[in-house]
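Here's the structure, in structure tokens; my notes come after.
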Amino acid sequence: MVNSIEKDLLIVGSGLAGLRAAIQAAKIAPHIKIAVISKLQVMRSHSVSAEGGTAAVLYPEDGDTIESHVYDTVKGSDFLGDQDVIEKLVSEMPSEVYQLEHWGMPWSRREDGRIGQRNFGGYSFPRATFAQDKVGFYEMQTLYDTCQKFDNIEFYNEWFVTSVVHDGQRFCGLTAIEMSSGTFYTFKAKALIIATGGAGRVYSFSTYALASTPDGLDMAYRAGMALKDMEFVQFHPTGILPSGILITEGARGEGGYLLNNKGERFMKKYAPSKLELASRDVVSRAMITEINEGRGYKHDTGVDCLKLDLRHLGKELIIQKLPAIREISLKFSGIDPADEPVDVRPVCHYMMGGIHTNIDGATEIQGVWAAGEAACNSVHGANRLGANSTAECLVWGKITGELAAKYIVEGKAPPPFPLHLVTTEEKRIYDGIFRGTGGANPYEVRQELTEIMNNKAYVFRTETDLVEGLKLVRELRQKTWKHVDDKAKEYNTNFTNVMELDSMFRVAEVILMGAIWRKESRGAHARTDYPDRDDKNFLTHTLVYYDTKEPVMKTHPVTITKYKPVERKY
Ligand SMILES: Cc1cc2nc3c(=O)[nH]c(=O)nc-3n(C[C@H](O)[C@H](O)[C@H](O)COP(=O)(O)OP(=O)(O)OC[C@H]3O[C@@H](n4cnc5c(N)ncnc54)[C@H](O)[C@@H]3O)c2cc1C
């Protein structure tokens, strides 16, 4: 008999999206039972490491407008963003900033006492609302504190969710492992919000937390939900060497600039008006072009890089506004950015794609919503603007929390729980993985997989590289890595790591397939063999569905309301 827990609403993921959803659901429906399930402790979710800001139009009196934030985002998305969804993000954001403020968020302040905002890439107004350079940490703390006010939110920390259970149409529950005991459970409930975050650890050079693997995307995918636009992976210009830890765009927002080995601010050539604050895809491509044409530096580790110079900002400003950047540079590369430029190169930072949802975050299964980075409601299209992601988590955390709570309050009893699916899932993870055997070391295989992604599907892509990458990933998958050598029950991270790797293979395949299919360059997807955007053939979203043989690709229309696609220049 499998242990079972009954709730009304399950939220998988305790990052910004999951916590915001929990608060909204608890507010709307104080009598429903809500579980927030997370494979980590709440404050270990990747959201705590968001540094630079959260975008919102706060100061129309100073000239900012909703329309300008909408257009910047549409343009940033290279016209693949759904414009109705973008309008929703932008119009809901100002109240989210004030809502956080009312819950205790310590936003940084201007001299005149108003909430502080800084410049960020791709924006025509400095609208990245910030709290030093630790915006995610403070937002998470504020939301987690607020959750404590509600008796009906229960946290299941360090529970690893393995699958979504439904009857073909409607949601029924989840399967999960309580990591402290190793016990397998089912959760039965009426509604689910998937808020499992991004999956950037499929790349070896990455700004993400080690736990940012695609298990959340994969459980939706295996359950029949489509993954959308996965070929669009954002490479942030400034990953510090050697680790890849992020140096926030806020550093350039405060006036930092990039130099090549001739000492030139090379961005002048690529984005004459926005310079270092062009959108991220544009800056990353410029950096790799400089490196390819011999104007990069060599880091001690042999890796090519460029310099990010902050010295002219002065130590005082750096300490006051960018303290985390200074700490990261000192601790992880031994450099004080007040004295010396730091070595940086483009690094995997965000997945524009995710679980296919509509404008309200609803997936293709009734009773299942997705929010935050795991979801793809198409707000970012082919390239996300910095500071729009924490914003997205807040807005769709709120929307999905509210809709799921209403669905539960108004809804019918859930369908009978299909127990045979639980048996199938137990077989998959215990017979297929836990009791597996084989000689290949799953940690080495993981490293190899992430290096293939880095080498074959990075900033610039070609058919030859992508096809080769897919072949290598599929060959690697055949190796005998599906086994767990640590047989402990309690905190068996070996087991969860191999389950994560299993999900990485499926999602890496989807990224590569989408990238091969999309024979154009748009946003973060830059094909040197198809250097132009091709609206005639590719102004469309991709959807990929799981199939036991080969993934099935489809397309999905882009919603264009006001802004016809034009060439993107910065
Ligand atoms: C270094 C860094 C800096 C950033 N800076 C900014 C910024 O300044 N501004 C901005 O707008 N955006 C920024 N971003 C992006 C933004 O922070 C993220 O997109 C956002 O925080 C994601 O939040 P989330 O709630 O979707 O998921 P996350 O915060 O990633 O949380 C995912 C949750 O899912 C849980 N989970 C995953 N799989 C399972 C499973 N199998 N079982 C149980 N639980 C599971 C995890 O435990 C975790 O709680 C940054 C990202 C990074 C990596």
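Ligands are numbered from 1 in the order shown, chains are lettered A, B, ... in the order of the structure tokens, and residues start at 1 in each chain.
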
Dump as a tab-separated table the rows for residues of chain A within 6 Å of ligand 1: closest atom pair and distance in Å with one decimal, only C-alpha atoms and all ligand atoms counted, ordered by chain and rising residue number.
residue	atom	partner	partner_atom_place_in_ligand_line	distance
A:Val12	CA	ligand 1	44 (N)	5.3
A:Gly13	CA	ligand 1	34 (O)	3.3
A:Ser14	CA	ligand 1	49 (O)	3.7
A:Gly15	CA	ligand 1	29 (O)	3.5
A:Leu16	CA	ligand 1	25 (O)	3.9
A:Ala17	CA	ligand 1	25 (O)	3.8
A:Gly18	CA	ligand 1	25 (O)	5.5
A:Ile37	CA	ligand 1	43 (C)	5.7
A:Ser38	CA	ligand 1	44 (N)	3.5
A:Lys39	CA	ligand 1	43 (C)	3.9
A:Leu40	CA	ligand 1	47 (O)	4.2
A:Val42	CA	ligand 1	49 (O)	5.9
A:Ser45	CA	ligand 1	48 (C)	4.3
A:His46	CA	ligand 1	29 (O)	4.0
A:Ser47	CA	ligand 1	21 (O)	3.4
A:Ser49	CA	ligand 1	1 (C)	5.0
A:Ala50	CA	ligand 1	5 (N)	3.2
A:Glu51	CA	ligand 1	8 (O)	4.0
A:Gly52	CA	ligand 1	8 (O)	3.5
A:Gly53	CA	ligand 1	8 (O)	4.3
A:Thr54	CA	ligand 1	11 (O)	5.0
A:Trp159	CA	ligand 1	43 (C)	5.7
A:Phe160	CA	ligand 1	42 (N)	3.8
A:Val161	CA	ligand 1	42 (N)	3.8
A:Thr162	CA	ligand 1	41 (N)	5.8
A:Ala195	CA	ligand 1	26 (O)	5.3
A:Thr196	CA	ligand 1	34 (O)	3.2
A:Gly197	CA	ligand 1	27 (O)	3.2
A:Gly198	CA	ligand 1	30 (O)	5.5
A:Thr207	CA	ligand 1	53 (C)	5.0
A:Tyr208	CA	ligand 1	53 (C)	4.1
A:Asp215	CA	ligand 1	41 (N)	4.9
A:Gly216	CA	ligand 1	38 (N)	4.9
A:Leu246	CA	ligand 1	1 (C)	5.1
A:His349	CA	ligand 1	53 (C)	5.7
A:Gly372	CA	ligand 1	26 (O)	3.6
A:Glu373	CA	ligand 1	26 (O)	3.9
A:Ala374	CA	ligand 1	26 (O)	5.7
A:Gly386	CA	ligand 1	11 (O)	5.5
A:Ala387	CA	ligand 1	11 (O)	3.1
A:Asn388	CA	ligand 1	11 (O)	4.5
A:Ser389	CA	ligand 1	11 (O)	3.7
A:Thr390	CA	ligand 1	11 (O)	3.7
A:Ala391	CA	ligand 1	11 (O)	5.8
A:Cys393	CA	ligand 1	25 (O)	5.8

Worksheet item: Counting only C-alpha atoms, what is within 12 Å of Thr462 (chain A), bar same-chain residues fewer than 5 positions away, as an MDAnalysis selection string?
Response: chainID A and resid 455:457 467:469 512 515:521 525:531

Write out as a VMD selection string which residues come within 9 Å of Leu10 (chain A) when counting only C-alpha atoms, dropping same-chain ones fewer than 4 positions away.
chain A and resid 33 to 37 173 to 174 187 to 194

Find the residues near Pro414 (chain A): any atom within 12 Å, counting only C-alpha atoms, skip ones fewer than 3 places away on the same chain, and give them as a PDB file with N, CA and C atoms, in the first residue's frame.
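Resulting contents of result.pdb:
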ATOM      1  N   GLU A   6      -3.742  13.696   1.337  1.00  0.00           N
ATOM      2  CA  GLU A   6      -4.796  14.398   0.585  1.00  0.00           C
ATOM      3  C   GLU A   6      -4.799  15.882   0.875  1.00  0.00           C
ATOM      4  N   LYS A   7      -4.863  16.655  -0.193  1.00  0.00           N
ATOM      5  CA  LYS A   7      -4.909  18.127  -0.105  1.00  0.00           C
ATOM      6  C   LYS A   7      -5.911  18.627  -1.128  1.00  0.00           C
ATOM      7  N   ASP A   8      -6.099  19.945  -1.171  1.00  0.00           N
ATOM      8  CA  ASP A   8      -6.913  20.505  -2.259  1.00  0.00           C
ATOM      9  C   ASP A   8      -6.020  21.013  -3.391  1.00  0.00           C
ATOM     10  N   LEU A   9      -5.018  21.804  -2.999  1.00  0.00           N
ATOM     11  CA  LEU A   9      -4.141  22.414  -4.008  1.00  0.00           C
ATOM     12  C   LEU A   9      -2.693  22.010  -3.741  1.00  0.00           C
ATOM     13  N   VAL A 165      -0.135  12.852 -12.015  1.00  0.00           N
ATOM     14  CA  VAL A 165      -1.122  11.809 -12.308  1.00  0.00           C
ATOM     15  C   VAL A 165      -2.433  12.456 -12.745  1.00  0.00           C
ATOM     16  N   HIS A 166      -2.962  12.015 -13.892  1.00  0.00           N
ATOM     17  CA  HIS A 166      -4.279  12.501 -14.340  1.00  0.00           C
ATOM     18  C   HIS A 166      -4.999  11.371 -15.061  1.00  0.00           C
ATOM     19  N   ASP A 167      -6.288  11.594 -15.345  1.00  0.00           N
ATOM     20  CA  ASP A 167      -7.055  10.504 -15.970  1.00  0.00           C
ATOM     21  C   ASP A 167      -7.178  10.681 -17.483  1.00  0.00           C
ATOM     22  N   GLN A 169      -7.713  13.601 -18.824  1.00  0.00           N
ATOM     23  CA  GLN A 169      -8.279  14.934 -18.987  1.00  0.00           C
ATOM     24  C   GLN A 169      -8.084  15.804 -17.763  1.00  0.00           C
ATOM     25  N   ARG A 170      -8.351  15.198 -16.594  1.00  0.00           N
ATOM     26  CA  ARG A 170      -8.340  15.992 -15.360  1.00  0.00           C
ATOM     27  C   ARG A 170      -7.256  15.532 -14.404  1.00  0.00           C
ATOM     28  N   PHE A 171      -6.759  16.505 -13.650  1.00  0.00           N
ATOM     29  CA  PHE A 171      -5.703  16.254 -12.682  1.00  0.00           C
ATOM     30  C   PHE A 171      -6.193  15.398 -11.512  1.00  0.00           C
ATOM     31  N   CYS A 172      -5.372  14.484 -11.044  1.00  0.00           N
ATOM     32  CA  CYS A 172      -5.715  13.643  -9.886  1.00  0.00           C
ATOM     33  C   CYS A 172      -4.697  13.769  -8.751  1.00  0.00           C
ATOM     34  N   GLY A 173      -3.414  13.907  -9.071  1.00  0.00           N
ATOM     35  CA  GLY A 173      -2.427  13.980  -7.986  1.00  0.00           C
ATOM     36  C   GLY A 173      -0.999  13.871  -8.480  1.00  0.00           C
ATOM     37  N   LYS A 188      -2.963  13.263  -3.313  1.00  0.00           N
ATOM     38  CA  LYS A 188      -4.203  13.386  -4.084  1.00  0.00           C
ATOM     39  C   LYS A 188      -4.735  14.791  -3.876  1.00  0.00           C
ATOM     40  N   ALA A 189      -5.181  15.432  -4.954  1.00  0.00           N
ATOM     41  CA  ALA A 189      -5.677  16.806  -4.828  1.00  0.00           C
ATOM     42  C   ALA A 189      -6.515  17.172  -6.031  1.00  0.00           C
ATOM     43  N   LYS A 190      -7.133  18.370  -5.937  1.00  0.00           N
ATOM     44  CA  LYS A 190      -8.027  18.800  -7.020  1.00  0.00           C
ATOM     45  C   LYS A 190      -7.295  19.648  -8.052  1.00  0.00           C
ATOM     46  N   ALA A 191      -6.254  20.328  -7.637  1.00  0.00           N
ATOM     47  CA  ALA A 191      -5.572  21.212  -8.585  1.00  0.00           C
ATOM     48  C   ALA A 191      -4.077  21.235  -8.303  1.00  0.00           C
ATOM     49  N   GLN A 366      -6.831  19.671 -17.463  1.00  0.00           N
ATOM     50  CA  GLN A 366      -7.733  20.430 -16.599  1.00  0.00           C
ATOM     51  C   GLN A 366      -7.294  20.307 -15.143  1.00  0.00           C
ATOM     52  N   GLY A 367      -7.227  21.445 -14.463  1.00  0.00           N
ATOM     53  CA  GLY A 367      -6.802  21.422 -13.056  1.00  0.00           C
ATOM     54  C   GLY A 367      -5.306  21.588 -12.878  1.00  0.00           C
ATOM     55  N   TYR A 407     -11.167  27.367  -8.859  1.00  0.00           N
ATOM     56  CA  TYR A 407     -11.510  26.075  -9.491  1.00  0.00           C
ATOM     57  C   TYR A 407     -11.830  25.048  -8.408  1.00  0.00           C
ATOM     58  N   ILE A 408     -11.056  25.088  -7.324  1.00  0.00           N
ATOM     59  CA  ILE A 408     -11.279  24.125  -6.243  1.00  0.00           C
ATOM     60  C   ILE A 408     -12.598  24.425  -5.527  1.00  0.00           C
ATOM     61  N   GLU A 410     -15.205  26.093  -6.594  1.00  0.00           N
ATOM     62  CA  GLU A 410     -16.404  25.922  -7.427  1.00  0.00           C
ATOM     63  C   GLU A 410     -16.515  24.527  -8.026  1.00  0.00           C
ATOM     64  N   GLY A 411     -15.421  23.776  -7.953  1.00  0.00           N
ATOM     65  CA  GLY A 411     -15.307  22.573  -8.774  1.00  0.00           C
ATOM     66  C   GLY A 411     -16.035  21.355  -8.271  1.00  0.00           C
ATOM     67  N   PHE A 417      -8.858   8.148  -8.579  1.00  0.00           N
ATOM     68  CA  PHE A 417      -7.398   8.187  -8.707  1.00  0.00           C
ATOM     69  C   PHE A 417      -6.910   6.943  -9.467  1.00  0.00           C
ATOM     70  N   PRO A 418      -6.263   7.122 -10.604  1.00  0.00           N
ATOM     71  CA  PRO A 418      -5.831   5.951 -11.387  1.00  0.00           C
ATOM     72  C   PRO A 418      -4.604   5.276 -10.777  1.00  0.00           C
TER      73      PRO A 418
END

Of A:Ile399, A:Glu475, A:Thr146, A:Arg127, the one nearest to Asp62 (chain A) when counting only C-alpha atoms is A:Arg127

- request: With a distance cut-off of 7 Å and only C-alpha atoms, select the neighbouring residues of Phe130 (chain A), excluding the residue or stretch itself and same-chain residues fewer than 2 positions from it, and output the selection as a PyMOL selection string.
  value: chain A and resi 52-54+107-108+116-117+128+132-133+135

task = Give me the residues within 9 Å of Ile560 (chain A) as number ranges by chain, counting only C-alpha atoms and dropping any in the same chain fewer than 3 places off.
result = A: 79-84, 563-565

How would the residues just chosen look if you wrote them out with C-alpha atoms as a CSV table (one decimal), in the first residue's frame?
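As written to disk, selection_24.csv reads:
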chain,number,residue,atom,x,y,z
A,79,PHE,CA,8.3,39.6,-32.0
A,80,LEU,CA,7.7,36.0,-30.9
A,81,GLY,CA,6.2,37.1,-27.5
A,82,ASP,CA,2.4,36.9,-27.4
A,83,GLN,CA,1.4,40.6,-27.2
A,84,ASP,CA,-1.8,40.0,-25.1
A,563,TYR,CA,2.9,45.7,-33.1
A,564,LYS,CA,3.7,44.3,-36.5
A,565,PRO,CA,7.1,42.7,-36.6

Determine, counting only C-alpha atoms, which protein, DNA and RNA residues have an atom within 8 Å of an atom of Ser243 (chain A); residues of the same chain fewer than 4 positions away are not included. Present the result as a list in words. Phe205, Gly239 and Phe332 of chain A

Hey, what does DSSP flag as strand (DSSP E) within region 175-405 of chain A? Can you give it to me as a PyMOL selection string?
chain A and resi 175-178+183-188+191-194+227-228+233-240+257-259+297-298+304-309+342-351+354-356+368-370+375-376

In Å to one decimal, how far is CA of Ala324 (chain A) from CA of Lys298 (chain A)?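 Going from CA of Lys298 (chain A) over to CA of Ala324 (chain A), I get 25.1 Å.
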
Pick from A:Lys27, A:His299, A:Lys262, A:Arg345 nearest to Ala286 (chain A), counting only C-alpha atoms: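 Counting only C-alpha atoms, the residue closest to Ala286 (chain A) is A:Arg345.
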
Fill in: DSSP helix (DSSP H, G or I) residues within region 61-206 of chain A, listed as JSON, numbers by chain
{"A": [61, 62, 66, 67, 68, 69, 70, 71, 72, 73, 74, 75, 76, 83, 84, 85, 86, 87, 88, 89, 90, 91, 92, 93, 94, 95, 96, 97, 98, 99, 100, 101, 102, 135, 136, 137, 138, 139, 140, 141, 142, 143, 144, 145, 146, 147, 200, 201, 202]}

Atom pair CA of Gly136 (chain A) + CA of Met225 (chain A), distance 28.9 Å

For Lys479 (chain A), the closest of A:Glu327, A:Glu444, A:Glu67, A:Glu426 counting only C-alpha atoms is A:Glu444

Nearest to Lys487 (chain A): which of A:His69, A:His236, A:Arg201, A:Arg435 is it, counting only C-alpha atoms?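 Going through A:His69, A:His236, A:Arg201, A:Arg435 one by one, the smallest distance to Lys487 (chain A) is for A:Arg435.
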
Judged by only C-alpha atoms, the minimum distance to Tyr546 (chain A) among A:Ala223, A:Ile247, A:Leu308, A:Leu277 is found for A:Ala223
